[in-house]
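Read the structure below first, then the notes.
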Amino acid sequence: MGLLEAVNRKATEMRVPLSAHLDITWRCNERCVHCYLDHDLKGEMSTEEIKDVLRQLAENGTFFLAISGGEPLLRRDCFEILEYARSLRFNVKLKTNAVMIGAKEAARLKQLGIEQVQISIYSNRPEIHDAITKLPGSLRRTLDAIRHLKANGVKVSITNVLMRSNVTDARDVKQLAKELGVSFVVDPTITPKLNGDRSILDLGISDKELFDLFHDEEFVDNVGEYCAPTGSIDDDVLDGYSCSAGHTLCYVSPFGDVYPCVQFPMPCGNVRTQSFGEIWRESQALKSLRAVQVRDLPTCSSCSHVPYCSRCPGLAYMEGDMRGPSSSDCAKSAARTGSEIGAPIPALLSSPLIQIRLQ
Amino acid sequence: MTPADKYLAKSSDIAARVLGDETIIMSSIDSTLFSLNATATVIWQAADGKTPLARIIKNVCEEFDVAPERAWKDAEELIEKLVEHGILLVSDHPIQQ
C-alpha cells in the first residue's frame with residue numbers, strides 16, 4: 001500500500017475530511033456552455049468568513065484544499081485567501097481559467113507555494129475554445145498565463161473537458177500540453193446544473209466517441225488493462241463505498257453551504273449557522289450517505305459491472321436517488337468494457353472462475 | 001557546531017497536518033509526501049526556530065521513555081532526510097520566522 005493510500009484509509013477510519021473543495025465565488029468572467037453553476041447568486045462569504053472556514057477545516061484535519069469558483073481571481077481578496085490558506089499549511093490547488101494571471105500573479109502563486117494550478121483548455125483552436133467559454137481571446141490569454149506560470153516554476157495541469165464540439169481536438173490539446181510542459185487530463189463528464197437543469201448533458205460526447213476515447217492508447221496508458229473487467233464480486237466489493245464524498249471529502253460553496261462534493265449538491269448544513277465540525281460529525285445527510293455500502297445499492301449491487309464501475313453517488317443523487325445508478329457512469333463502464341450494463345451477476349463470478357489447488 | 005547547538009524550523013514551502021498520532025507533510029518543491037510517526041511528530045511540532053535541539057530530544061526521551069543515544073541517532077537521521085527535501089531548516093542560531 002502506498003503512503004497516500006494509507007493516509008486516505010486512516011482518514012476514512014478516523015472520519016477526517018482530508019480533502020476539501022472551497023468555491024470562493026460562483027461569479028465568472030467566462031460563460032462556458034457546459035457550466036453547472038448559477039453565476040448571479042448573491043451573498044458570498046466575506047473574507048473573514050472564508051478565513052474562519054479555513055481555520056475550521058484545518059482544525060478538523062483537512063490537508064488537501066482545492067480553491068475554485070466560478071473564477072476565484074475575480075475576488076479582490078483571492079491572494080489574501082490563498083496566503084491565509086498557505087499559512088495554515090494546506091496543500092493548495094487553484095482551479096482557474098487563468099485569464100487574469102500575468103507575470104506578477106504567477107510569481108505570487110509561486111511564492112505562496114501553491115501545489116498546482118488547474119486550468120481548463122477546450123481546444124488548441126481559438127474559435128473552438130472561445131466559442132465554449134464565450135470570452136473572445138480567452139484561449140490566447142489562458143495560454144499566456146500558462147507560460148507565465150511555467151516561467152515561474154508553478155506546476156500546471158490542463159484539463160480537457162470533452163464535448164461534441166471539441167472532441168476531435170483532444171489529441172491536439174494533449175500535444176499542446178506536451179509543448180507547454182504541463183500535465184494533461186481528459187474529462188468526458190458533463191455535470192448537470194446544480195439547479196437540476198439537465199439540458200447541458202446534451203453537449204456531452206456520444207457513446208461511440210466515449211468508446212473510442214477509452215480504447216485509444218493516446219489517452220489511456222494500457223487499454224487492455226483499463227478496459228478489461230477486473231475483480232470478482234466479493235465481500236470486499238460489497239462492503240465498500242462508491243467514493244470518498246462525505247467520507248474524507250467535502251465541498252463548501254461561496255455561500256457557506258456544505259455538500260459531500262461539488263458534484264453532490266445534497267445540503268448538509270451551512271457554516272454561517274453551524275460550525276463546520278458540527279456539520280461534518282452530526283449532519284443527518286452525511287450520516288445517511290456514510291451508511292450506504294455497495295451492497296445497499298438496489299440496482300448496482302446486482303450489476304456485473306459493480307467491481308470496476310466508477311459510479312458517482314452525486315450524479316446519481318442528481319438523477320433522483322443517491323443509491324441509484326448514475327447513467328453517465330453506466331455509459332462509461334459500458335464503453336470501457338464493451339459489455340451491457342445491468343446484466344445480472346453470473347453465479348460463478350462470486351468465486352474465481354478457475355481454481356488451481358496445490359497439493 | 002555540536003548537535004546540541006542546532007535549531008530547527010519548519011520550511012514555509014510545505015503543507016502539513018496532524019492525522020491521529022502522525023503528521024503528514026508534503027514538500028511543495030518536489031511534492032514528496034512524508035508521514036512522521038508519533039515521536040517524529042513531537043520533534044516536528046517543536047521545530048519553532050527557538051527551541052534548541054537538545055531540549056527537544058530531552059522532551060522526546062521523557063515522553064517516550066527512549067534512551068538519549070537512540071533518540072539522538074533517530075532524530076539526526078530524520079532531520080537529515082527532512083532537510084534534504086527542503087522541509088526543515090537547520091541552523092546553529094535561532095531562526096526567525
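Ordered as shown in the C-alpha cells, chains take letters A, B, and onward, while each chain numbers its residues from 1 and ligands are numbered from 1 in the order shown.
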
(message) Please identify all residues of chain B having at least one atom at most 8 Å from any atom of chain A, considering only C-alpha atoms, and return them as an MDAnalysis selection string.
(response) chainID B and resid 12:20 26 28 31 33:35

(request) Would you mind listing what lies within 9 Å of Val262 (chain A) as JSON, numbers by chain, with only C-alpha atoms counted and same-chain residues fewer than 4 positions away left out? (result) {"A": [21, 22, 23, 250, 251, 252, 253, 314]}

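From CA of Gly49 (chain B) back to CA of Gln97 (chain B), the distance works out to 7.3 Å.
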
(message) Using Å and a single decimal, report how far CA of Gly69 (chain A) sits from CA of Thr96 (chain A).
(response)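 For CA of Thr96 (chain A) relative to CA of Gly69 (chain A), the distance reads 7.4 Å.
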
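Separating CA of Leu74 (chain A) from CA of Asn97 (chain A) is a distance of 10.7 Å.
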
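Counting only C-alpha atoms and comparing B:Asp5, B:Thr41, B:Ala47, B:Thr32, the residue that lies closest to Gln96 (chain B) is B:Ala47.
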
(message) What's around region 40-49 of chain A at 10 Å? Count only C-alpha atoms, leave out sequence neighbours fewer than 2 positions away in its own chain, and write the answer as a list of chain:residue names.
(response) A:Asp23, A:Ile24, A:Thr25, A:Trp26, A:Arg27, A:Cys28, A:Leu37, A:Asp38, A:Lys51, A:Asp52, A:Val53, A:Leu54, A:Arg55, A:Arg75, A:Arg76, A:Asp77, A:Cys78, A:Glu80, A:Ile81, A:Ser253, A:Pro254, A:Phe255, A:Gly256, A:Val271, A:Arg272

Output C-alpha atoms for every residue in the selection just made, as a PDB file, in the first residue's frame.
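Full text of again.pdb as output:
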ATOM      1  CA  ASP A  23     -15.512  27.707  -4.059  1.00  0.00           C
ATOM      2  CA  ILE A  24     -14.848  31.303  -3.038  1.00  0.00           C
ATOM      3  CA  THR A  25     -17.185  32.696  -5.705  1.00  0.00           C
ATOM      4  CA  TRP A  26     -19.526  31.487  -8.388  1.00  0.00           C
ATOM      5  CA  ARG A  27     -19.033  34.677 -10.380  1.00  0.00           C
ATOM      6  CA  CYS A  28     -17.072  34.176 -13.558  1.00  0.00           C
ATOM      7  CA  LEU A  37     -23.174  26.944 -11.690  1.00  0.00           C
ATOM      8  CA  ASP A  38     -25.509  29.916 -11.294  1.00  0.00           C
ATOM      9  CA  LYS A  51     -10.766  32.650   6.737  1.00  0.00           C
ATOM     10  CA  ASP A  52     -12.902  31.263   9.540  1.00  0.00           C
ATOM     11  CA  VAL A  53     -13.952  28.322   7.319  1.00  0.00           C
ATOM     12  CA  LEU A  54     -10.280  27.693   6.500  1.00  0.00           C
ATOM     13  CA  ARG A  55      -9.378  27.721  10.206  1.00  0.00           C
ATOM     14  CA  ARG A  75     -12.410  38.168  -5.848  1.00  0.00           C
ATOM     15  CA  ARG A  76     -10.105  41.012  -4.914  1.00  0.00           C
ATOM     16  CA  ASP A  77      -9.153  39.097  -1.779  1.00  0.00           C
ATOM     17  CA  CYS A  78      -8.203  35.906  -3.650  1.00  0.00           C
ATOM     18  CA  GLU A  80      -5.219  37.155   0.705  1.00  0.00           C
ATOM     19  CA  ILE A  81      -7.287  33.953   0.988  1.00  0.00           C
ATOM     20  CA  SER A 253     -19.919  26.810  -1.503  1.00  0.00           C
ATOM     21  CA  PRO A 254     -19.266  30.589  -1.594  1.00  0.00           C
ATOM     22  CA  PHE A 255     -22.443  30.950   0.469  1.00  0.00           C
ATOM     23  CA  GLY A 256     -21.308  28.583   3.213  1.00  0.00           C
ATOM     24  CA  VAL A 271     -21.164  27.236   8.143  1.00  0.00           C
ATOM     25  CA  ARG A 272     -22.962  30.527   8.785  1.00  0.00           C
TER      26      ARG A 272
END

(request) Enumerate the residues of chain B with a DSSP assignment of strand (DSSP E or B), computed from the backbone, and present them as a list in words. (result) Tyr7, Leu8, Ala9, Lys10, Ile14, Ala15, Ala16, Arg17, Val18, Leu19, Glu22, Thr23, Ile24, Ile25, Met26, Ser27, Leu33, Phe34, Ser35, Leu36, Asp48, Gly49, Lys50, Thr51, Pro52, Leu88, Leu89, Val90 and Ser91 of chain B
